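See below for protein.cif, which holds mmCIF, C-alpha atoms.
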data_model
#
loop_
_atom_site.label_atom_id
_atom_site.label_comp_id
_atom_site.auth_asym_id
_atom_site.auth_seq_id
_atom_site.Cartn_x
_atom_site.Cartn_y
_atom_site.Cartn_z
CA MET G 354 -53.46 -51.45 -31.76
CA THR G 355 -52.13 -48.12 -32.92
CA GLU G 356 -51.45 -45.50 -30.25
CA THR G 357 -53.16 -42.18 -30.67
CA PRO G 358 -50.59 -39.30 -30.42
CA LYS G 359 -51.06 -37.18 -27.35
CA ARG G 360 -52.47 -33.77 -27.94
CA ALA G 361 -50.29 -30.88 -26.80
CA GLN G 362 -51.62 -29.61 -23.53
CA ARG G 363 -52.68 -26.02 -23.43
CA ALA G 364 -50.83 -23.85 -20.94
CA GLY G 365 -52.80 -23.08 -17.83
CA HIS G 366 -54.17 -19.65 -17.07
CA GLY G 367 -51.33 -17.31 -16.19
CA ALA G 368 -48.60 -19.78 -17.23
CA ASP G 369 -45.75 -18.99 -19.60
CA THR G 370 -46.27 -20.02 -23.21
CA ILE G 371 -43.95 -20.52 -26.17
CA TYR G 372 -45.26 -20.65 -29.72
CA TRP G 373 -44.14 -20.17 -33.32
CA ASP G 374 -44.98 -16.91 -35.03
CA PRO G 375 -45.07 -17.54 -38.81
CA VAL G 376 -45.15 -13.82 -39.57
CA LYS G 377 -42.01 -12.95 -37.59
CA LYS G 378 -40.57 -16.39 -38.28
CA SER G 379 -39.38 -16.84 -34.72
CA PHE G 380 -40.49 -18.40 -31.47
CA VAL G 381 -42.37 -16.18 -29.07
CA GLY G 382 -42.42 -16.51 -25.31
CA ALA G 383 -45.23 -14.84 -23.39
CA VAL G 384 -44.42 -14.32 -19.74
CA SER G 385 -46.95 -13.76 -16.99
CA LEU G 386 -45.66 -11.24 -14.42
CA GLY G 387 -48.81 -10.55 -12.50
CA HIS G 388 -50.66 -7.25 -12.68
CA ALA G 389 -49.59 -3.64 -12.93
CA PRO G 390 -50.82 -1.07 -10.35
CA ASN G 391 -53.69 -0.16 -12.71
CA GLY G 392 -54.93 -3.76 -12.68
CA LYS G 393 -53.79 -4.57 -16.21
CA ARG G 394 -51.98 -7.89 -16.73
CA ARG G 395 -48.25 -7.68 -17.25
CA ARG G 396 -47.46 -10.17 -19.99
CA PRO G 397 -44.32 -9.11 -21.89
CA LYS G 398 -43.01 -11.14 -24.83
CA VAL G 399 -39.56 -12.31 -25.81
CA TYR G 400 -38.37 -13.66 -29.14
CA GLY G 401 -35.77 -16.18 -30.28
CA LYS G 402 -34.76 -18.49 -33.10
CA THR G 403 -35.15 -21.59 -30.91
CA LYS G 404 -37.31 -22.62 -27.97
CA THR G 405 -34.19 -22.99 -25.84
CA GLU G 406 -33.21 -19.39 -26.49
CA VAL G 407 -36.71 -18.21 -25.61
CA ARG G 408 -36.77 -20.23 -22.39
CA GLN G 409 -33.47 -18.63 -21.32
CA LYS G 410 -34.82 -15.17 -22.03
CA ILE G 411 -37.91 -15.96 -19.97
CA ARG G 412 -35.74 -17.08 -17.05
CA ASP G 413 -33.61 -13.91 -17.31
CA LEU G 414 -36.71 -11.72 -17.42
CA LYS G 415 -38.15 -13.36 -14.31
CA LYS G 416 -34.85 -13.01 -12.52
CA GLU G 417 -34.82 -9.28 -13.26
CA VAL G 418 -38.29 -8.97 -11.79
CA GLN G 419 -37.30 -10.92 -8.64
CA THR G 420 -34.21 -8.79 -8.03
CA GLY G 421 -36.00 -5.56 -8.90
CA VAL G 422 -33.37 -4.83 -11.58
CA LYS G 423 -34.38 -4.21 -15.17
CA ALA G 424 -31.12 -4.07 -17.06
CA PRO G 425 -31.49 -2.12 -20.33
CA ALA G 426 -31.04 -4.44 -23.27
CA ASN G 427 -28.66 -2.08 -25.11
CA TYR G 428 -26.70 -0.80 -22.09
CA THR G 429 -23.04 -1.53 -22.86
CA VAL G 430 -19.84 -1.79 -20.85
CA ALA G 431 -18.74 1.53 -22.34
CA ASP G 432 -21.97 3.14 -21.14
CA ALA G 433 -21.37 1.84 -17.62
CA VAL G 434 -17.76 3.06 -17.53
CA ASN G 435 -18.62 6.51 -18.88
CA ASP G 436 -21.53 6.87 -16.44
CA TRP G 437 -19.23 6.02 -13.54
CA LEU G 438 -16.61 8.51 -14.71
CA GLU G 439 -19.22 11.24 -15.11
CA ARG G 440 -21.38 10.61 -12.05
CA GLY G 441 -19.60 8.21 -9.74
CA LEU G 442 -16.52 10.33 -9.04
CA LYS G 443 -18.10 13.63 -8.11
CA GLY G 444 -15.80 15.85 -6.09
CA ARG G 445 -12.66 14.09 -7.30
CA ASP G 446 -9.81 15.85 -9.05
CA GLU G 447 -10.56 16.07 -12.78
CA LYS G 448 -6.88 16.00 -13.75
CA GLY G 449 -5.92 13.48 -11.08
CA THR G 450 -8.21 10.59 -10.18
CA ILE G 451 -10.77 11.11 -12.94
CA GLY G 452 -8.17 11.86 -15.60
CA LYS G 453 -6.11 8.79 -14.72
CA ASN G 454 -9.12 6.45 -14.78
CA ARG G 455 -10.51 7.97 -17.96
CA SER G 456 -7.19 7.61 -19.75
CA MET G 457 -6.87 3.99 -18.64
CA ALA G 458 -10.42 3.16 -19.71
CA ASN G 459 -10.08 4.87 -23.10
CA LYS G 460 -6.82 3.08 -23.88
CA HIS G 461 -7.27 -0.41 -22.48
CA LEU G 462 -10.93 -1.08 -21.64
CA ILE G 463 -13.48 0.54 -23.95
CA PRO G 464 -11.71 -0.33 -27.26
CA PHE G 465 -11.70 -4.04 -26.30
CA ILE G 466 -14.91 -4.83 -24.39
CA GLY G 467 -16.76 -1.53 -24.53
CA LYS G 468 -19.31 -2.70 -27.13
CA ALA G 469 -20.36 -5.76 -25.10
CA LYS G 470 -23.83 -5.55 -23.56
CA LEU G 471 -23.43 -5.35 -19.82
CA LYS G 472 -26.19 -7.88 -19.07
CA GLU G 473 -24.43 -10.40 -21.33
CA LEU G 474 -20.89 -9.80 -20.05
CA SER G 475 -19.40 -12.95 -18.52
CA ALA G 476 -16.43 -13.71 -16.28
CA ASP G 477 -14.83 -15.54 -19.22
CA ASP G 478 -15.08 -12.39 -21.34
CA ILE G 479 -13.26 -10.41 -18.66
CA ASP G 480 -10.59 -13.10 -18.22
CA ASP G 481 -9.90 -13.15 -21.96
CA TRP G 482 -9.65 -9.35 -22.06
CA LEU G 483 -7.25 -9.16 -19.11
CA ASP G 484 -5.09 -12.00 -20.44
CA ASP G 485 -4.73 -10.07 -23.68
CA ARG G 486 -3.77 -6.83 -21.87
CA ALA G 487 -1.28 -8.73 -19.66
CA GLU G 488 1.14 -8.79 -22.60
CA PHE G 489 1.35 -4.99 -22.53
CA LEU G 490 0.64 -3.87 -18.95
CA ALA G 491 2.27 -4.37 -15.57
CA THR G 492 0.45 -6.30 -12.85
CA ARG G 493 -0.37 -3.11 -10.93
CA SER G 494 -1.93 -1.56 -14.04
CA LEU G 495 -4.04 -4.68 -14.65
CA ARG G 496 -5.36 -4.52 -11.09
CA ASP G 497 -6.21 -0.84 -11.53
CA LEU G 498 -7.94 -1.64 -14.82
CA LEU G 499 -10.04 -4.39 -13.24
CA ALA G 500 -10.91 -2.01 -10.40
CA VAL G 501 -12.26 0.50 -12.96
CA LEU G 502 -14.54 -2.17 -14.42
CA ARG G 503 -15.69 -3.40 -11.00
CA ARG G 504 -16.54 0.09 -9.80
CA SER G 505 -18.30 0.91 -13.07
CA ILE G 506 -20.54 -2.15 -12.80
CA ALA G 507 -21.15 -1.46 -9.09
CA HIS G 508 -22.29 2.04 -10.06
CA ALA G 509 -24.61 0.51 -12.68
CA GLN G 510 -26.02 -1.83 -10.00
CA ARG G 511 -26.87 1.12 -7.78
CA ARG G 512 -28.80 2.58 -10.74
CA ASP G 513 -30.66 -0.72 -11.36
CA LYS G 514 -28.88 -1.19 -14.67
CA ALA G 515 -27.03 -4.41 -13.77
CA ALA G 516 -28.19 -7.46 -11.86
CA ARG G 517 -24.78 -8.65 -10.70
CA ASN G 518 -21.13 -7.66 -10.84
CA VAL G 519 -19.36 -10.40 -12.78
CA ALA G 520 -16.05 -8.53 -12.50
CA LEU G 521 -15.93 -9.55 -8.82
CA LEU G 522 -15.55 -13.16 -9.96
CA VAL G 523 -12.29 -12.40 -11.77
CA THR G 524 -8.73 -12.00 -10.48
CA ALA G 525 -6.21 -9.88 -12.36
CA PRO G 526 -3.43 -11.97 -13.95
CA GLU G 527 0.28 -11.35 -13.66
CA GLY G 528 1.40 -8.77 -16.20
CA ARG G 529 4.70 -7.51 -17.50
CA PRO G 530 7.34 -6.68 -14.92
CA GLY G 531 6.98 -3.01 -14.00
CA ARG G 532 9.94 -0.63 -13.95
CA PRO G 533 11.13 -0.43 -10.35
CA SER G 534 11.60 3.02 -8.88
CA LYS G 535 15.19 4.19 -8.74
CA ALA G 536 17.26 6.62 -6.75
CA LEU G 537 19.91 9.06 -7.97
CA ASN G 538 23.33 8.65 -6.44
CA LEU G 539 25.15 11.73 -5.20
CA GLU G 540 27.01 12.45 -8.45
CA GLU G 541 23.84 12.04 -10.51
CA ALA G 542 21.90 14.28 -8.11
CA LYS G 543 24.53 17.02 -8.42
CA ALA G 544 24.49 16.70 -12.22
CA VAL G 545 20.70 17.11 -12.29
CA LEU G 546 20.82 20.24 -10.11
CA ILE G 547 23.54 21.80 -12.27
CA ALA G 548 21.51 21.07 -15.42
CA ALA G 549 18.39 22.54 -13.79
CA ARG G 550 20.09 25.80 -12.73
CA PRO G 551 18.86 27.89 -15.74
CA SER G 552 15.35 26.42 -15.50
CA ARG G 553 12.34 27.88 -13.67
CA LEU G 554 11.99 24.38 -12.20
CA TYR G 555 15.33 24.69 -10.36
CA ALA G 556 13.93 25.67 -6.95
CA TYR G 557 11.24 23.01 -7.24
CA LEU G 558 13.84 20.30 -7.81
CA VAL G 559 16.15 21.55 -5.06
CA LEU G 560 13.30 21.48 -2.53
CA SER G 561 12.15 18.03 -3.65
CA LEU G 562 15.60 16.48 -3.59
CA LEU G 563 16.94 18.09 -0.42
CA SER G 564 13.80 17.97 1.74
CA GLY G 565 11.94 14.90 0.42
CA VAL G 566 8.53 16.52 -0.16
CA ARG G 567 6.22 14.68 -2.54
CA THR G 568 5.60 16.25 -5.94
CA GLU G 569 1.92 16.51 -5.03
CA GLU G 570 2.95 18.46 -1.91
CA ALA G 571 5.37 20.79 -3.71
CA ARG G 572 2.97 21.91 -6.44
CA PRO G 573 0.32 23.46 -4.13
CA LEU G 574 2.88 24.89 -1.68
CA THR G 575 2.24 28.55 -0.85
CA TRP G 576 4.64 31.17 0.52
CA ASP G 577 2.74 31.49 3.78
CA HIS G 578 3.84 27.93 4.57
CA VAL G 579 7.52 28.66 3.87
CA PHE G 580 9.60 30.25 6.65
CA LEU G 581 13.05 31.24 5.40
CA GLU G 582 14.24 33.15 8.49
CA THR G 583 15.38 31.66 11.79
CA LYS G 584 13.15 33.17 14.48
CA ASP G 585 12.96 32.57 18.25
CA GLY G 586 15.32 29.64 17.94
CA ILE G 587 13.14 27.97 15.30
CA PRO G 588 15.15 27.17 12.16
CA SER G 589 14.06 27.84 8.59
CA HIS G 590 11.35 25.36 7.74
CA VAL G 591 8.46 24.45 5.47
CA ALA G 592 5.01 23.40 6.66
CA VAL G 593 3.82 20.53 4.48
CA TRP G 594 0.10 20.66 5.21
CA ARG G 595 -1.51 20.43 1.77
CA SER G 596 -1.36 18.41 -1.43
CA VAL G 597 -3.18 18.35 -4.77
CA ARG G 598 -5.41 15.54 -3.51
CA LYS G 599 -9.13 15.96 -2.88
CA HIS G 600 -9.82 18.83 -0.47
CA GLY G 601 -6.07 19.49 -0.33
CA GLU G 602 -5.49 16.67 2.16
CA THR G 603 -2.04 15.08 2.44
CA LYS G 604 -1.60 11.39 1.67
CA THR G 605 -1.82 10.30 5.33
CA ARG G 606 -2.23 12.00 8.71
CA LYS G 607 1.51 11.71 9.36
CA SER G 608 2.20 13.35 6.01
CA ARG G 609 1.23 16.65 7.65
CA ARG G 610 4.62 17.68 8.96
CA THR G 611 6.93 20.65 9.47
CA ILE G 612 10.51 20.04 8.37
CA ALA G 613 13.68 22.11 8.69
CA LEU G 614 15.24 23.32 5.46
CA PRO G 615 18.91 22.82 4.55
CA LYS G 616 20.80 26.07 4.02
CA GLN G 617 21.14 25.43 0.31
CA VAL G 618 17.35 25.14 -0.02
CA VAL G 619 16.89 28.38 1.91
CA ASP G 620 19.34 30.20 -0.36
CA VAL G 621 17.68 28.88 -3.51
CA LEU G 622 14.17 29.74 -2.28
CA GLU G 623 15.23 33.28 -1.34
CA GLU G 624 16.63 33.76 -4.83
CA HIS G 625 13.49 32.18 -6.30
CA LEU G 626 11.26 34.56 -4.31
CA LYS G 627 13.12 37.64 -5.58
CA TRP G 628 12.95 36.39 -9.14
CA GLN G 629 9.23 35.61 -8.81
CA GLN G 630 8.49 39.08 -7.39
CA GLN G 631 10.17 40.65 -10.40
CA GLU G 632 8.23 38.41 -12.78
CA ARG G 633 4.98 39.20 -10.97
CA ALA G 634 5.64 42.95 -11.23
CA THR G 635 6.00 42.69 -15.00
CA LYS G 636 2.75 40.67 -15.36
CA GLY G 637 0.61 42.94 -13.20
CA LYS G 638 -3.02 41.88 -13.07
CA GLU G 639 -2.33 38.85 -15.25
CA TRP G 640 -0.57 37.18 -12.31
CA SER G 641 -2.64 34.74 -10.24
CA PRO G 642 -3.09 35.89 -6.61
CA ALA G 643 -2.95 32.33 -5.21
CA GLY G 644 0.51 32.88 -3.69
CA ARG G 645 2.03 29.65 -4.98
CA VAL G 646 5.75 29.06 -4.57
CA PHE G 647 6.06 27.26 -7.90
CA THR G 648 4.02 28.57 -10.81
CA THR G 649 3.70 29.01 -14.53
CA ARG G 650 4.68 32.32 -16.15
CA THR G 651 1.31 33.78 -15.15
CA GLY G 652 1.32 32.58 -11.55
CA GLU G 653 -0.96 29.59 -12.17
CA PRO G 654 -0.27 26.23 -10.44
CA LEU G 655 2.14 23.86 -12.13
CA ASP G 656 0.60 20.92 -13.97
CA ALA G 657 2.01 17.46 -13.20
CA ALA G 658 2.39 16.61 -16.89
CA ASN G 659 4.38 19.80 -17.56
CA VAL G 660 6.65 19.10 -14.58
CA ARG G 661 7.36 15.61 -15.92
CA ARG G 662 8.09 16.98 -19.38
CA ASP G 663 10.48 19.68 -18.15
CA PHE G 664 12.17 17.29 -15.74
CA LYS G 665 12.81 14.80 -18.53
CA ALA G 666 14.57 17.53 -20.54
CA ILE G 667 16.70 18.50 -17.50
CA VAL G 668 17.71 14.89 -16.86
CA LYS G 669 18.71 14.55 -20.49
CA ARG G 670 20.89 17.68 -20.24
CA ALA G 671 22.50 16.14 -17.16
CA GLY G 672 23.69 13.22 -19.29
CA LEU G 673 21.24 10.69 -17.79
CA LYS G 674 18.64 8.57 -19.51
CA PRO G 675 15.31 10.47 -19.77
CA GLU G 676 13.42 7.68 -17.99
CA TRP G 677 13.66 9.37 -14.57
CA THR G 678 10.50 10.86 -13.04
CA PRO G 679 10.09 13.73 -10.53
CA ARG G 680 8.78 11.39 -7.83
CA GLU G 681 12.13 9.61 -7.84
CA LEU G 682 13.71 12.71 -6.33
CA ARG G 683 11.97 11.66 -3.13
CA HIS G 684 13.40 8.16 -3.46
CA SER G 685 16.80 9.75 -3.95
CA PHE G 686 16.34 11.85 -0.80
CA VAL G 687 15.71 8.71 1.26
CA SER G 688 18.60 6.86 -0.34
CA LEU G 689 21.10 9.70 0.18
CA LEU G 690 20.13 10.12 3.83
CA SER G 691 20.39 6.38 4.43
CA ASP G 692 23.79 6.30 2.74
CA HIS G 693 24.88 9.16 4.98
CA GLY G 694 23.92 7.29 8.13
CA ILE G 695 20.49 8.64 9.05
CA PRO G 696 18.36 6.27 11.20
CA LEU G 697 15.41 4.63 9.52
CA GLU G 698 12.94 6.00 12.07
CA ARG G 699 14.25 9.56 11.47
CA ILE G 700 13.87 9.18 7.69
CA ALA G 701 10.29 7.94 8.15
CA LEU G 702 9.45 11.12 10.08
CA LEU G 703 11.11 13.39 7.51
CA VAL G 704 9.22 11.92 4.56
CA GLY G 705 5.93 11.69 6.45
CA HIS G 706 5.46 7.93 6.30
CA SER G 707 2.85 6.30 8.51
CA SER G 708 5.36 3.62 9.53
CA GLN G 709 9.02 2.65 9.16
CA THR G 710 7.91 -0.42 7.23
CA THR G 711 6.79 1.76 4.32
CA THR G 712 10.14 3.54 4.24
CA GLU G 713 12.11 0.31 4.32
CA ALA G 714 10.00 -1.64 1.84
CA VAL G 715 9.26 1.03 -0.77
CA TYR G 716 11.71 3.92 -0.66
CA ARG G 717 14.94 2.80 0.85
CA LYS G 718 17.54 1.94 -1.80
CA GLN G 719 20.69 1.72 0.30
CA LEU G 720 21.00 0.49 3.89
CA ARG G 721 23.57 2.07 6.18
CA PRO G 722 24.10 2.57 9.93
CA VAL G 723 23.06 5.89 11.44
CA ILE G 724 23.48 9.12 13.23
CA THR G 725 22.46 12.71 12.26
CA GLN G 726 19.40 14.67 11.21
CA GLY G 727 17.90 15.66 7.86
CA ALA G 728 18.64 19.30 7.16
CA GLU G 729 22.14 19.22 8.70
CA ALA G 730 22.96 16.02 6.82
CA MET G 731 21.90 17.49 3.48
CA ASP G 732 24.07 20.55 4.15
CA GLU G 733 27.03 18.23 4.68
CA ILE G 734 26.25 16.16 1.60
CA PHE G 735 26.09 19.15 -0.74
CA ALA G 736 28.50 21.46 1.13
CA GLU G 737 31.61 20.54 -0.82
CA ASP G 738 29.86 21.07 -4.13
CA GLN G 739 28.44 24.42 -3.01
CA GLU G 740 31.86 25.60 -1.84
CA GLY G 741 33.26 24.81 -5.27
CA VAL G 742 30.54 26.86 -6.97
CA ASP G 743 31.14 29.80 -4.59
CA ALA G 744 34.89 29.66 -5.29
CA GLU G 745 34.24 29.76 -9.04
CA ASP G 746 31.92 32.75 -8.63
CA GLN G 747 34.62 34.54 -6.59
CA CYS G 748 37.24 33.90 -9.26
CA GLU G 749 34.94 35.26 -11.96
CA GLY G 750 34.26 38.34 -9.86
CA ASP G 751 37.98 38.95 -9.36
CA ALA G 752 38.57 38.58 -13.09
CA VAL G 753 35.91 41.17 -13.88
CA ALA G 754 37.30 43.55 -11.29
#

As structure tokens - that is how I would like this structure written.
Amino acid sequence: MTETPKRAQRAGHGADTIYWDPVKKSFVGAVSLGHAPNGKRRRPKVYGKTKTEVRQKIRDLKKEVQTGVKAPANYTVADAVNDWLERGLKGRDEKGTIGKNRSMANKHLIPFIGKAKLKELSADDIDDWLDDRAEFLATRSLRDLLAVLRRSIAHAQRRDKAARNVALLVTAPEGRPGRPSKALNLEEAKAVLIAARPSRLYAYLVLSLLSGVRTEEARPLTWDHVFLETKDGIPSHVAVWRSVRKHGETKTRKSRRTIALPKQVVDVLEEHLKWQQQERATKGKEWSPAGRVFTTRTGEPLDAANVRRDFKAIVKRAGLKPEWTPRELRHSFVSLLSDHGIPLERIALLVGHSSQTTTEAVYRKQLRPVITQGAEAMDEIFAEDQEGVDAEDQCEGDAVA
């Protein structure tokens, strides 16, 4: 007896259906999502080349409804990153935090996975991208890059443009070894200062090297925080209370500090002040009234990129490789004090570290036993060199006379 083929059962009322559309030449899935507030049935349709593809799209659509997230079909990774940069970092420094993240995204993220649709981005896609970048970037840079993607997707989630953050499922791989920070030895430090003498950056470098202030603390420094005269038994000092960070806050609470200035720094800053007053007089109204210690030729604040550029040229004139950066003057300050016998706990206070562990693990390049204090020690370190310069100046004066 021949079996009669079973007739395809019709989907029940309100159930999902999949059928072939000969006009569009694709399978169509009709999804029942209840009723809209106006009482009309919500029955969107999805399309695919196979029934399997349509079923997956139906499941994804239902999941979006359950989570309350309706991810735009054409919303890309690049869209998410740019939205986060534009709207998720309000109040941050445009040239600092935003500029750094934008540069990183434009160079290493958007060109490689920017066109991918965010709702289709997988953990495997991110792993492949990071593995590729690991050939060119250090481990720290890879972690920062992954953080940009994570925060961008998190921002998209808060705007109901992403159902989940797949970047949280990924760990940054090991990248290329980064260049370790270095410290100038005494002879190199002297050579850099000599080479910087004709430069408008000279006082900036002297303060950074001989007092250990961060570059971000030196750039916004104003004259009302610099005290060059000894008064009521209080020595010449600088009040490091601001930085170029958001709202002018220093890196940590302990970074807010008042430190005595070595005599050589005082002399250089006094000379710098006289020179700046003359320059300001010639500029007149063009000069910025901000009262910065270190400025451009119109009194505007120094830009970090310009400082790096000028410092590289000075280092080259000093006969050193141009790979040194301004922040390594601070490393050099710690190293020179340690080499001269300053206690670790005293160095931590001078540089404004939150703990001695930071000083020992990150900044300290040479370990030595201890005894004196910062400003006096720096006077001793550079005294012999300064005496030689003074003697040369005296000889030249005698010759002219």

Name the residues captured by the PyMOL selection byres ((chain G and resi 682) around 9) when it is applied to the shown file; answer as a list in words.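 What the PyMOL selection byres ((chain G and resi 682) around 9) grabs from the file is Lys535, Ala536, Leu537, Ala542, Leu558, Ser561, Leu562, Leu563, Gly565, Val566, Arg567, Thr568, Trp677, Thr678, Pro679, Arg680, Glu681, Arg683, His684, Ser685, Phe686 and Val687 of chain G.
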
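A straight line drawn from atom CA of Leu474 of chain G to atom CA of Val430 of chain G is 8.1 Å long.
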
Nearest to Lys410 of chain G, chosen from G:Leu554, G:Gly449, G:Ala433, G:Lys472, with only C-alpha atoms counted in the distances: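 Nearest candidate to Lys410 of chain G out of G:Leu554, G:Gly449, G:Ala433, G:Lys472: G:Lys472.
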
Could you list, as a ChimeraX atom specification, every residue within 8 Å of segment 516-530 of chain G, counting only C-alpha atoms and ignoring same-chain residues fewer than 4 positions away? /G:417,420,422-424,472,474-476,479-480,483-484,486-493,495-496,499,502-503,506-507,510

Just give me the gap between atom CA of Pro615 of chain G and atom CA of Glu729 of chain G in Å, one decimal is fine.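 Separating atom CA of Pro615 of chain G from atom CA of Glu729 of chain G is a distance of 6.4 Å.
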
Under the PyMOL selection byres ((chain G and resi 381-395) around 6), which residues of this model are included? Write them out as number ranges by chain. G: 367, 369-372, 380, 396-400, 407

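Atom CA of Leu581 of chain G sits 18.6 Å away from atom CA of Gln631 of chain G.
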
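Picked out by the PyMOL selection byres ((chain G and resi 539) around 9) when it runs on this file: G:Leu537, G:Asn538, G:Glu540, G:Glu541, G:Ala542, G:Lys543, G:Ala544, G:Ser685, G:Leu689, G:Ile734, G:Phe735.
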
Using only C-alpha atoms, can you tell me which of G:Ala426, G:Leu438, G:Met731, G:Lys443 comes closest to Asp692 of chain G?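 So, comparing all the options, the nearest one is G:Met731.
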
Centre, x/y/z edge lengths, axis-aligned box for segment 493-505 of chain G with 3 Å per side, as JSON:
{"center_x": -9.3, "center_y": -1.9, "center_z": -12.3, "size_x": 23.9, "size_y": 11.6, "size_z": 11.0}

Minimum-distance residue to Arg532 of chain G, chosen among G:Phe664, G:Trp594, G:Glu623, G:Ser494 (using all atoms listed in the file):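 That would be G:Ser494, the residue with the smallest distance to Arg532 of chain G.
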
N, CA, C and O atoms are needed for segment 567-579 of chain G; please write them out as a short mmCIF file (atom, residue, chain, number, x, y, z; two decimals), in the coordinates of the input.
data_model
loop_
_atom_site.label_atom_id
_atom_site.label_comp_id
_atom_site.auth_asym_id
_atom_site.auth_seq_id
_atom_site.Cartn_x
_atom_site.Cartn_y
_atom_site.Cartn_z
N ARG G 567 6.81 15.33 -1.37
CA ARG G 567 6.22 14.68 -2.54
C ARG G 567 5.94 15.74 -3.61
O ARG G 567 5.71 16.90 -3.31
N THR G 568 5.91 15.31 -4.86
CA THR G 568 5.60 16.25 -5.94
C THR G 568 4.21 16.84 -5.76
O THR G 568 3.96 17.99 -6.07
N GLU G 569 3.29 16.03 -5.25
CA GLU G 569 1.92 16.51 -5.03
C GLU G 569 1.84 17.49 -3.87
O GLU G 569 0.86 18.21 -3.71
N GLU G 570 2.88 17.51 -3.01
CA GLU G 570 2.95 18.46 -1.91
C GLU G 570 3.68 19.74 -2.33
O GLU G 570 3.39 20.82 -1.80
N ALA G 571 4.61 19.62 -3.26
CA ALA G 571 5.37 20.79 -3.71
C ALA G 571 4.54 21.69 -4.61
O ALA G 571 4.62 22.92 -4.52
N ARG G 572 3.72 21.10 -5.48
CA ARG G 572 2.97 21.91 -6.44
C ARG G 572 2.00 22.88 -5.79
O ARG G 572 1.87 24.02 -6.24
N PRO G 573 1.25 22.49 -4.74
CA PRO G 573 0.32 23.46 -4.13
C PRO G 573 0.93 24.30 -3.02
O PRO G 573 0.23 25.08 -2.38
N LEU G 574 2.23 24.17 -2.78
CA LEU G 574 2.88 24.89 -1.68
C LEU G 574 2.75 26.40 -1.87
O LEU G 574 2.98 26.93 -2.95
N THR G 575 2.37 27.10 -0.80
CA THR G 575 2.24 28.55 -0.85
C THR G 575 3.29 29.20 0.06
O THR G 575 3.80 28.57 1.00
N TRP G 576 3.57 30.47 -0.21
CA TRP G 576 4.64 31.17 0.52
C TRP G 576 4.33 31.33 2.00
O TRP G 576 5.24 31.43 2.82
N ASP G 577 3.06 31.34 2.36
CA ASP G 577 2.74 31.49 3.78
C ASP G 577 3.03 30.23 4.59
O ASP G 577 2.91 30.22 5.82
N HIS G 578 3.43 29.16 3.90
CA HIS G 578 3.84 27.93 4.57
C HIS G 578 5.36 27.73 4.49
O HIS G 578 5.86 26.66 4.85
N VAL G 579 6.05 28.73 3.99
CA VAL G 579 7.52 28.66 3.87
C VAL G 579 8.12 29.74 4.78
O VAL G 579 7.79 30.92 4.65
#
